[in-house]
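Shown next: target-v1.pdb, containing PDB, C-alpha atoms.
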```pdb
MODEL        1
ATOM      1  CA  MET A  23     -61.961  -1.258-122.101
ATOM      2  CA  LYS A  24     -58.399  -0.073-121.606
ATOM      3  CA  THR A  25     -57.297   2.947-119.605
ATOM      4  CA  GLY A  26     -54.028   4.816-119.305
ATOM      5  CA  SER A  27     -52.017   4.456-116.120
ATOM      6  CA  ASN A  28     -53.634   1.843-113.897
ATOM      7  CA  SER A  29     -53.040  -0.507-111.004
ATOM      8  CA  SER A  30     -54.820  -3.834-111.203
ATOM      9  CA  LYS A  31     -56.663  -5.041-108.108
ATOM     10  CA  GLN A  32     -55.306  -8.376-106.928
ATOM     11  CA  LEU A  33     -57.469 -11.388-106.157
ATOM     12  CA  ARG A  34     -57.986 -11.783-102.409
ATOM     13  CA  SER A  35     -60.133 -14.925-102.323
ATOM     14  CA  LEU A  36     -62.257 -17.195-104.488
ATOM     15  CA  LEU A  37     -65.651 -18.278-103.167
ATOM     16  CA  ARG A  38     -67.319 -21.491-104.326
ATOM     17  CA  SER A  39     -70.858 -22.533-103.435
ATOM     18  CA  PRO A  40     -71.950 -25.739-105.180
ATOM     19  CA  ALA A  41     -74.789 -26.504-102.737
ATOM     20  CA  CYS A  42     -78.322 -25.640-103.834
ATOM     21  CA  HIS A  43     -81.356 -25.035-101.616
ATOM     22  CA  TRP A  44     -84.930 -23.938-102.223
ATOM     23  CA  VAL A  45     -86.373 -20.577-101.222
ATOM     24  CA  GLY A  46     -90.091 -21.228-101.110
ATOM     25  CA  ASP A  47     -91.137 -23.536-103.922
ATOM     26  CA  GLY A  48     -90.102 -21.283-106.798
ATOM     27  CA  PHE A  49     -86.423 -20.445-106.346
ATOM     28  CA  PRO A  50     -83.705 -23.138-106.393
ATOM     29  CA  VAL A  51     -80.743 -21.019-105.306
ATOM     30  CA  ARG A  52     -77.051 -21.162-104.589
ATOM     31  CA  THR A  53     -75.892 -18.559-102.064
ATOM     32  CA  LEU A  54     -72.670 -17.297-103.647
ATOM     33  CA  PHE A  55     -71.742 -15.121-100.669
ATOM     34  CA  ALA A  56     -73.370 -14.116 -97.382
ATOM     35  CA  TYR A  57     -72.763 -11.515 -94.682
ATOM     36  CA  PRO A  58     -72.408 -13.734 -91.583
ATOM     37  CA  GLN A  59     -68.942 -14.697 -92.858
ATOM     38  CA  LEU A  60     -68.092 -11.947 -95.331
ATOM     39  CA  GLY A  61     -70.085  -8.853 -94.358
ATOM     40  CA  ALA A  62     -67.099  -6.684 -93.463
ATOM     41  CA  LYS A  63     -65.038  -7.789 -96.472
ATOM     42  CA  LEU A  64     -67.832  -7.290 -99.020
ATOM     43  CA  SER A  65     -69.569  -4.225 -97.527
ATOM     44  CA  PRO A  66     -71.929  -2.735 -98.658
ATOM     45  CA  PHE A  67     -72.950  -6.030-100.302
ATOM     46  CA  LEU A  68     -74.522  -8.493 -97.872
ATOM     47  CA  MET A  69     -75.593 -11.562 -99.806
ATOM     48  CA  LEU A  70     -76.175 -12.879-103.308
ATOM     49  CA  ASP A  71     -78.481 -15.750-104.247
ATOM     50  CA  TYR A  72     -78.292 -17.177-107.769
ATOM     51  CA  ALA A  73     -81.447 -19.004-108.856
ATOM     52  CA  GLY A  74     -81.154 -21.317-111.820
ATOM     53  CA  PRO A  75     -80.665 -21.840-114.620
ATOM     54  CA  THR A  76     -83.699 -24.128-114.228
ATOM     55  CA  GLU A  77     -86.479 -25.346-116.504
ATOM     56  CA  PHE A  78     -89.951 -25.148-114.951
ATOM     57  CA  PRO A  79     -92.902 -27.010-116.502
ATOM     58  CA  ALA A  80     -96.114 -25.146-117.249
ATOM     59  CA  THR A  81     -98.391 -24.892-114.212
ATOM     60  CA  GLU A  82    -101.362 -22.998-112.816
ATOM     61  CA  LYS A  83     -99.841 -23.177-109.330
ATOM     62  CA  ARG A  84     -98.310 -20.039-107.858
ATOM     63  CA  LEU A  85     -94.654 -20.829-107.237
ATOM     64  CA  GLY A  86     -92.513 -18.562-105.099
ATOM     65  CA  VAL A  87     -92.375 -17.088-101.604
ATOM     66  CA  GLY A  88     -95.405 -15.746 -99.741
ATOM     67  CA  GLU A  89     -95.644 -12.800 -97.371
ATOM     68  CA  HIS A  90     -92.476 -12.200 -95.326
ATOM     69  CA  PRO A  91     -90.775  -9.148 -93.763
ATOM     70  CA  HIS A  92     -87.522  -7.209 -94.265
ATOM     71  CA  ARG A  93     -85.873  -4.293 -92.471
ATOM     72  CA  GLY A  94     -82.552  -2.474 -92.677
ATOM     73  CA  PHE A  95     -81.334  -3.157 -96.230
ATOM     74  CA  GLU A  96     -82.245  -3.354 -99.926
ATOM     75  CA  THR A  97     -82.944  -6.268-102.249
ATOM     76  CA  VAL A  98     -81.982  -6.096-105.913
ATOM     77  CA  THR A  99     -83.537  -8.716-108.197
ATOM     78  CA  ILE A 100     -82.151  -9.136-111.728
ATOM     79  CA  VAL A 101     -84.020 -11.428-114.126
ATOM     80  CA  TYR A 102     -82.163 -13.229-116.910
ATOM     81  CA  ASP A 103     -84.927 -15.691-117.897
ATOM     82  CA  GLY A 104     -88.496 -16.079-116.694
ATOM     83  CA  GLU A 105     -90.691 -13.579-114.902
ATOM     84  CA  ILE A 106     -91.262 -12.462-111.299
ATOM     85  CA  GLU A 107     -94.247 -10.707-109.742
ATOM     86  CA  HIS A 108     -93.620  -8.650-106.602
ATOM     87  CA  ARG A 109     -95.990  -6.970-104.180
ATOM     88  CA  ASP A 110     -95.178  -5.211-100.894
ATOM     89  CA  SER A 111     -96.972  -3.470 -98.044
ATOM     90  CA  SER A 112     -95.605  -0.031 -98.978
ATOM     91  CA  GLY A 113     -97.560  -0.145-102.242
ATOM     92  CA  GLY A 114     -94.613  -1.118-104.431
ATOM     93  CA  GLY A 115     -94.772  -3.921-106.906
ATOM     94  CA  GLY A 116     -94.959  -5.093-110.472
ATOM     95  CA  SER A 117     -93.843  -7.741-112.895
ATOM     96  CA  ILE A 118     -90.288  -7.971-114.227
ATOM     97  CA  GLY A 119     -88.968 -10.139-117.061
ATOM     98  CA  PRO A 120     -85.653 -10.785-118.836
ATOM     99  CA  GLY A 121     -83.278  -7.847-118.459
ATOM    100  CA  ASP A 122     -85.456  -6.057-115.916
ATOM    101  CA  VAL A 123     -84.458  -5.129-112.360
ATOM    102  CA  GLN A 124     -86.418  -4.665-109.148
ATOM    103  CA  TRP A 125     -84.672  -2.516-106.518
ATOM    104  CA  MET A 126     -86.598  -2.688-103.240
ATOM    105  CA  THR A 127     -85.528  -0.566-100.276
ATOM    106  CA  ALA A 128     -86.968  -2.251 -97.187
ATOM    107  CA  ALA A 129     -85.411   0.333 -94.825
ATOM    108  CA  SER A 130     -87.771   0.784 -91.809
ATOM    109  CA  GLY A 131     -89.652  -2.337 -92.739
ATOM    110  CA  LEU A 132     -92.241  -3.909 -94.995
ATOM    111  CA  VAL A 133     -93.637  -7.268 -95.929
ATOM    112  CA  HIS A 134     -93.633  -8.548 -99.494
ATOM    113  CA  GLU A 135     -94.182 -11.592-101.661
ATOM    114  CA  GLU A 136     -92.368 -12.870-104.738
ATOM    115  CA  PHE A 137     -93.892 -15.337-107.196
ATOM    116  CA  HIS A 138     -93.289 -16.524-110.726
ATOM    117  CA  GLY A 139     -95.173 -14.319-113.157
ATOM    118  CA  ARG A 140     -98.566 -15.759-114.066
ATOM    119  CA  ASN A 141     -97.963 -15.709-117.821
ATOM    120  CA  TYR A 142     -94.554 -17.320-117.438
ATOM    121  CA  ALA A 143     -95.939 -19.998-115.082
ATOM    122  CA  ARG A 144     -98.669 -20.964-117.563
ATOM    123  CA  ARG A 145     -96.198 -21.524-120.384
ATOM    124  CA  GLY A 146     -93.205 -22.702-118.317
ATOM    125  CA  GLY A 147     -89.648 -22.517-119.576
ATOM    126  CA  LYS A 148     -86.196 -21.319-118.530
ATOM    127  CA  PHE A 149     -85.813 -19.513-115.221
ATOM    128  CA  GLU A 150     -82.716 -17.643-114.068
ATOM    129  CA  MET A 151     -82.357 -14.703-111.717
ATOM    130  CA  VAL A 152     -80.140 -13.126-109.081
ATOM    131  CA  GLN A 153     -81.122 -11.489-105.815
ATOM    132  CA  LEU A 154     -78.531  -9.240-104.199
ATOM    133  CA  TRP A 155     -78.870  -7.821-100.685
ATOM    134  CA  ILE A 156     -77.278  -4.394-100.129
ATOM    135  CA  ASN A 157     -76.746  -2.876 -96.697
ATOM    136  CA  LEU A 158     -77.977   0.564 -95.686
ATOM    137  CA  PRO A 159     -75.980   2.917 -93.455
ATOM    138  CA  ALA A 160     -77.362   3.337 -89.938
ATOM    139  CA  LYS A 161     -78.717   6.798 -90.715
ATOM    140  CA  ASN A 162     -80.933   5.360 -93.475
ATOM    141  CA  LYS A 163     -82.065   2.058 -91.970
ATOM    142  CA  MET A 164     -85.319   3.577 -90.701
ATOM    143  CA  ASN A 165     -86.126   5.551 -93.851
ATOM    144  CA  PRO A 166     -89.525   4.934 -95.465
ATOM    145  CA  PRO A 167     -89.568   1.887 -97.779
ATOM    146  CA  HIS A 168     -89.198   2.507-101.500
ATOM    147  CA  TYR A 169     -89.550   0.481-104.715
ATOM    148  CA  GLN A 170     -87.801   0.941-108.064
ATOM    149  CA  GLY A 171     -89.023  -1.138-111.002
ATOM    150  CA  ILE A 172     -86.441  -0.732-113.766
ATOM    151  CA  SER A 173     -87.091  -2.063-117.254
ATOM    152  CA  ASP A 174     -84.333  -3.338-119.532
ATOM    153  CA  LYS A 175     -84.868  -0.475-121.986
ATOM    154  CA  HIS A 176     -83.909   2.066-119.309
ATOM    155  CA  ILE A 177     -80.603   0.358-118.433
ATOM    156  CA  PRO A 178     -77.658   1.707-120.491
ATOM    157  CA  SER A 179     -75.740  -0.937-122.432
ATOM    158  CA  VAL A 180     -72.130  -0.036-123.271
ATOM    159  CA  LYS A 181     -70.405  -1.891-126.100
ATOM    160  CA  LEU A 182     -66.777  -2.679-125.366
ATOM    161  CA  PRO A 183     -64.088  -2.099-128.008
ATOM    162  CA  ASN A 184     -63.144  -4.720-130.595
ATOM    163  CA  GLY A 185     -66.301  -6.735-130.086
ATOM    164  CA  GLU A 186     -65.198  -7.855-126.610
ATOM    165  CA  GLY A 187     -68.729  -7.713-125.237
ATOM    166  CA  ARG A 188     -70.989  -5.292-123.424
ATOM    167  CA  VAL A 189     -71.691  -3.885-119.980
ATOM    168  CA  ARG A 190     -75.176  -3.012-118.707
ATOM    169  CA  VAL A 191     -75.005  -0.240-116.100
ATOM    170  CA  ILE A 192     -77.639  -1.082-113.477
ATOM    171  CA  ALA A 193     -76.218   1.277-110.854
ATOM    172  CA  GLY A 194     -73.291   3.685-110.744
ATOM    173  CA  GLU A 195     -71.243   4.764-113.742
ATOM    174  CA  PHE A 196     -69.284   3.075-116.492
ATOM    175  CA  ALA A 197     -67.654   4.609-119.591
ATOM    176  CA  GLY A 198     -69.735   7.775-119.343
ATOM    177  CA  SER A 199     -73.067   6.005-118.817
ATOM    178  CA  THR A 200     -74.992   6.222-115.550
ATOM    179  CA  GLY A 201     -77.323   3.529-114.302
ATOM    180  CA  PRO A 202     -80.918   4.373-113.380
ATOM    181  CA  SER A 203     -80.879   2.925-109.856
ATOM    182  CA  LYS A 204     -80.894   5.366-106.966
ATOM    183  CA  THR A 205     -78.546   4.244-104.176
ATOM    184  CA  PHE A 206     -77.851   5.473-100.627
ATOM    185  CA  THR A 207     -74.084   4.952-100.780
ATOM    186  CA  PRO A 208     -71.737   5.127-103.791
ATOM    187  CA  MET A 209     -71.636   1.851-105.747
ATOM    188  CA  SER A 210     -71.704   0.228-109.163
ATOM    189  CA  VAL A 211     -73.676  -2.840-110.201
ATOM    190  CA  LEU A 212     -72.579  -3.875-113.698
ATOM    191  CA  ASP A 213     -74.020  -6.746-115.746
ATOM    192  CA  ILE A 214     -71.147  -7.958-117.945
ATOM    193  CA  ARG A 215     -71.161 -10.189-121.040
ATOM    194  CA  LEU A 216     -67.729 -11.082-122.456
ATOM    195  CA  ASN A 217     -66.405 -13.599-124.955
ATOM    196  CA  CYS A 218     -62.865 -12.776-125.968
ATOM    197  CA  ALA A 219     -59.297 -14.030-125.787
ATOM    198  CA  SER A 220     -57.807 -10.556-125.472
ATOM    199  CA  LYS A 221     -57.281  -8.521-122.320
ATOM    200  CA  THR A 222     -60.206  -6.472-121.021
ATOM    201  CA  ILE A 223     -59.395  -3.879-118.389
ATOM    202  CA  LEU A 224     -62.372  -2.568-116.447
ATOM    203  CA  PRO A 225     -61.931   0.665-114.448
ATOM    204  CA  VAL A 226     -63.071   0.485-110.808
ATOM    205  CA  PRO A 227     -62.615   2.930-107.913
ATOM    206  CA  ASP A 228     -59.549   2.608-105.714
ATOM    207  CA  GLY A 229     -60.480   1.789-102.108
ATOM    208  CA  TRP A 230     -63.858   0.263-102.933
ATOM    209  CA  THR A 231     -64.991  -3.279-102.290
ATOM    210  CA  THR A 232     -64.880  -5.162-105.598
ATOM    211  CA  ALA A 233     -66.219  -8.601-106.492
ATOM    212  CA  LEU A 234     -66.771 -10.406-109.789
ATOM    213  CA  VAL A 235     -69.676 -12.843-109.546
ATOM    214  CA  VAL A 236     -69.560 -15.330-112.436
ATOM    215  CA  LEU A 237     -72.966 -16.741-113.328
ATOM    216  CA  LYS A 238     -72.173 -18.507-116.606
ATOM    217  CA  GLY A 239     -69.019 -19.199-118.602
ATOM    218  CA  SER A 240     -65.592 -18.426-117.192
ATOM    219  CA  ALA A 241     -63.054 -15.645-116.756
ATOM    220  CA  ARG A 242     -59.312 -15.679-116.205
ATOM    221  CA  ILE A 243     -58.055 -12.967-113.851
ATOM    222  CA  ASN A 244     -54.566 -11.474-113.941
ATOM    223  CA  HIS A 245     -53.263 -14.381-116.095
ATOM    224  CA  THR A 246     -53.471 -16.822-113.184
ATOM    225  CA  HIS A 247     -56.908 -17.483-111.685
ATOM    226  CA  VAL A 248     -59.851 -18.987-113.583
ATOM    227  CA  ILE A 249     -63.286 -18.140-112.190
ATOM    228  CA  ASN A 250     -66.076 -20.497-113.265
ATOM    229  CA  ALA A 251     -69.876 -20.468-113.071
ATOM    230  CA  ALA A 252     -71.388 -19.897-109.608
ATOM    231  CA  GLU A 253     -68.073 -18.609-108.222
ATOM    232  CA  THR A 254     -67.146 -15.197-106.819
ATOM    233  CA  ALA A 255     -63.770 -13.477-107.061
ATOM    234  CA  VAL A 256     -63.145 -11.036-104.208
ATOM    235  CA  PHE A 257     -60.465  -8.423-104.884
ATOM    236  CA  ASP A 258     -58.261  -6.246-102.713
ATOM    237  CA  ARG A 259     -59.611  -2.741-102.300
ATOM    238  CA  THR A 260     -56.335  -1.216-103.469
ATOM    239  CA  GLY A 261     -56.141  -0.619-107.224
ATOM    240  CA  ASN A 262     -58.259   1.021-109.900
ATOM    241  CA  THR A 263     -58.798  -1.714-112.511
ATOM    242  CA  VAL A 264     -59.955  -5.301-112.826
ATOM    243  CA  CYS A 265     -58.065  -7.227-115.490
ATOM    244  CA  ILE A 266     -59.846 -10.066-117.320
ATOM    245  CA  ASP A 267     -57.369 -11.495-119.792
ATOM    246  CA  HIS A 268     -59.626 -14.235-121.165
ATOM    247  CA  ALA A 269     -63.382 -14.750-121.080
ATOM    248  CA  ALA A 270     -65.430 -17.637-122.476
ATOM    249  CA  HIS A 271     -69.170 -16.958-122.889
ATOM    250  CA  LEU A 272     -69.061 -14.983-119.662
ATOM    251  CA  THR A 273     -72.125 -13.611-117.887
ATOM    252  CA  ALA A 274     -71.113 -11.930-114.642
ATOM    253  CA  LEU A 275     -71.894  -9.155-112.208
ATOM    254  CA  LEU A 276     -69.145  -6.722-111.269
ATOM    255  CA  LEU A 277     -69.994  -5.274-107.859
ATOM    256  CA  CYS A 278     -68.109  -2.244-106.568
ATOM    257  CA  GLY A 279     -69.042  -0.193-103.530
ATOM    258  CA  GLU A 280     -67.780   2.224-100.929
ATOM    259  CA  PRO A 281     -67.592   0.186 -97.698
ATOM    260  CA  ILE A 282     -69.940   1.005 -94.821
ATOM    261  CA  ALA A 283     -67.747   0.851 -91.709
ATOM    262  CA  GLU A 284     -70.512  -0.040 -89.243
ATOM    263  CA  PRO A 285     -71.473  -3.164 -87.288
ATOM    264  CA  ILE A 286     -73.593  -5.741 -89.136
ATOM    265  CA  VAL A 287     -76.059  -7.678 -86.990
ATOM    266  CA  GLY A 288     -78.566  -9.849 -88.800
ATOM    267  CA  HIS A 289     -81.351 -12.258 -87.970
ATOM    268  CA  GLY A 290     -83.277 -13.877 -90.811
ATOM    269  CA  PRO A 291     -84.932 -11.096 -92.838
ATOM    270  CA  PHE A 292     -83.562  -8.231 -90.694
ATOM    271  CA  VAL A 293     -80.107  -6.593 -90.914
ATOM    272  CA  MET A 294     -79.366  -3.856 -88.393
ATOM    273  CA  ASN A 295     -76.436  -2.548 -86.301
ATOM    274  CA  SER A 296     -77.188  -4.104 -82.891
ATOM    275  CA  SER A 297     -79.008  -6.994 -81.250
ATOM    276  CA  GLU A 298     -81.374  -4.514 -79.618
ATOM    277  CA  GLU A 299     -82.414  -3.193 -83.040
ATOM    278  CA  ILE A 300     -83.005  -6.764 -84.216
ATOM    279  CA  GLN A 301     -85.265  -7.443 -81.239
ATOM    280  CA  GLN A 302     -87.181  -4.243 -81.979
ATOM    281  CA  ALA A 303     -87.589  -5.296 -85.604
ATOM    282  CA  ILE A 304     -89.099  -8.605 -84.498
ATOM    283  CA  VAL A 305     -91.514  -6.833 -82.126
ATOM    284  CA  ASP A 306     -92.490  -4.301 -84.799
ATOM    285  CA  TYR A 307     -93.155  -7.029 -87.339
ATOM    286  CA  GLN A 308     -95.180  -9.140 -84.918
ATOM    287  CA  SER A 309     -97.244  -6.102 -83.900
ATOM    288  CA  GLY A 310     -98.061  -5.301 -87.536
ATOM    289  CA  LYS A 311     -96.010  -2.098 -87.835
ATOM    290  CA  MET A 312     -94.475  -3.320 -91.113
ATOM    291  CA  GLY A 313     -97.897  -3.769 -92.629
ATOM    292  CA  HIS A 314     -99.638  -6.701 -94.280
ATOM    293  CA  LEU A 315    -100.683  -7.724 -97.755
ATOM    294  CA  SER A 316    -104.423  -7.852 -98.260
TER     295      SER A 316
ENDMDL
END
```
Would you give me this structure, written as structure tokens?
Amino acid sequence: MKTGSNSSKQLRSLLRSPACHWVGDGFPVRTLFAYPQLGAKLSPFLMLDYAGPTEFPATEKRLGVGEHPHRGFETVTIVYDGEIEHRDSSGGGGSIGPGDVQWMTAASGLVHEEFHGRNYARRGGKFEMVQLWINLPAKNKMNPPHYQGISDKHIPSVKLPNGEGRVRVIAGEFAGSTGPSKTFTPMSVLDIRLNCASKTILPVPDGWTTALVVLKGSARINHTHVINAAETAVFDRTGNTVCIDHAAHLTALLLCGEPIAEPIVGHGPFVMNSSEEIQQAIVDYQSGKMGHLS
């Protein structure tokens, strides 16, 4: 999509994460970025785990992660292949499959579990998903928890000109379409599919954090840098476009957000603004204030 007058954001850094680790027994993930090193640069985005692509055999066993807590941020799970069942202590939950999104606001705290969907597990097959952690501003970290289950049919899909590809608008706005996700700070989460040799110019807000997370295929940025699968391009905040001048079978997430200029202090499943708040989160979890799953 081409605009009139524009200033292309320049590539700041390229992140590579070839190492894979297991989360529970159901999610073989690569952490493509994480807040201990990059929290300030990528705010409001804290972390992104990319699970798969993997082929799971049929099984009756429940594969995934059992009951565990969160406080102070949101998790966004996007399924490309397979199925995930979620349940949390605030009453949220459901099953999501290809194209669906689960947007869980942990905020003041909850416990939840994530497993492969029962029907998917029984038949086996391809599994691929992303989980993105998004920070909350201090004023919202102790809000009540909330769950958004968003089906593929409710996510706008914008076709790009000349058959370049399409953009699914999960959150924020793109080309006049607004995503269904409710967010606490301004941001866009765009699921991009491109396969073209011509230039594609994507409008993004000046001053916002911007990152292109390549899941499959490749993209060439500003005629110089090639971004391959499981790599993340981090851009300068100055500029109002991202220029992809060549894309080969590209599946990527374009993340743009207004930075939260606050301290980030994390410990395991908790992300707050101070060590004292982390200690309180641990006490609250251990005392049962975040609830339990029956």
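Evaluated on this file, the PyMOL selection byres ((chain A and resi 98) around 8) matches A:Glu96, A:Thr97, A:Thr99, A:Ile100, A:Val123, A:Gln124, A:Trp125, A:Met126, A:Val152, A:Gln153, A:Leu154, A:Trp155, A:Ile156.
The space separating atom CA of Glu105 of chain A from atom CA of Ile118 of chain A comes to 5.7 Å.
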task: Show which residues sit within 12 Å of Ala283 of chain A, as an NGL selection string. Count only C-alpha atoms, and ignore same-chain residues fewer than 3 positions away.
output: :A and (61-66 or 157-160 or 207 or 230-231 or 279-280 or 286 or 295)
query: Which residues fall under the PyMOL selection byres ((chain A and resi 204) around 10) in this file, as a list in words?
result: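 Going through the file, the PyMOL selection byres ((chain A and resi 204) around 10) ends up selecting Trp125, Gln170, Ile192, Ala193, Gly194, Gly201, Pro202, Ser203, Thr205, Phe206, Thr207, Pro208 and Met209 of chain A.
Atom CA of Met164 of chain A to atom CA of Val133 of chain A spans 14.6 Å [interatomic distance, one decimal].
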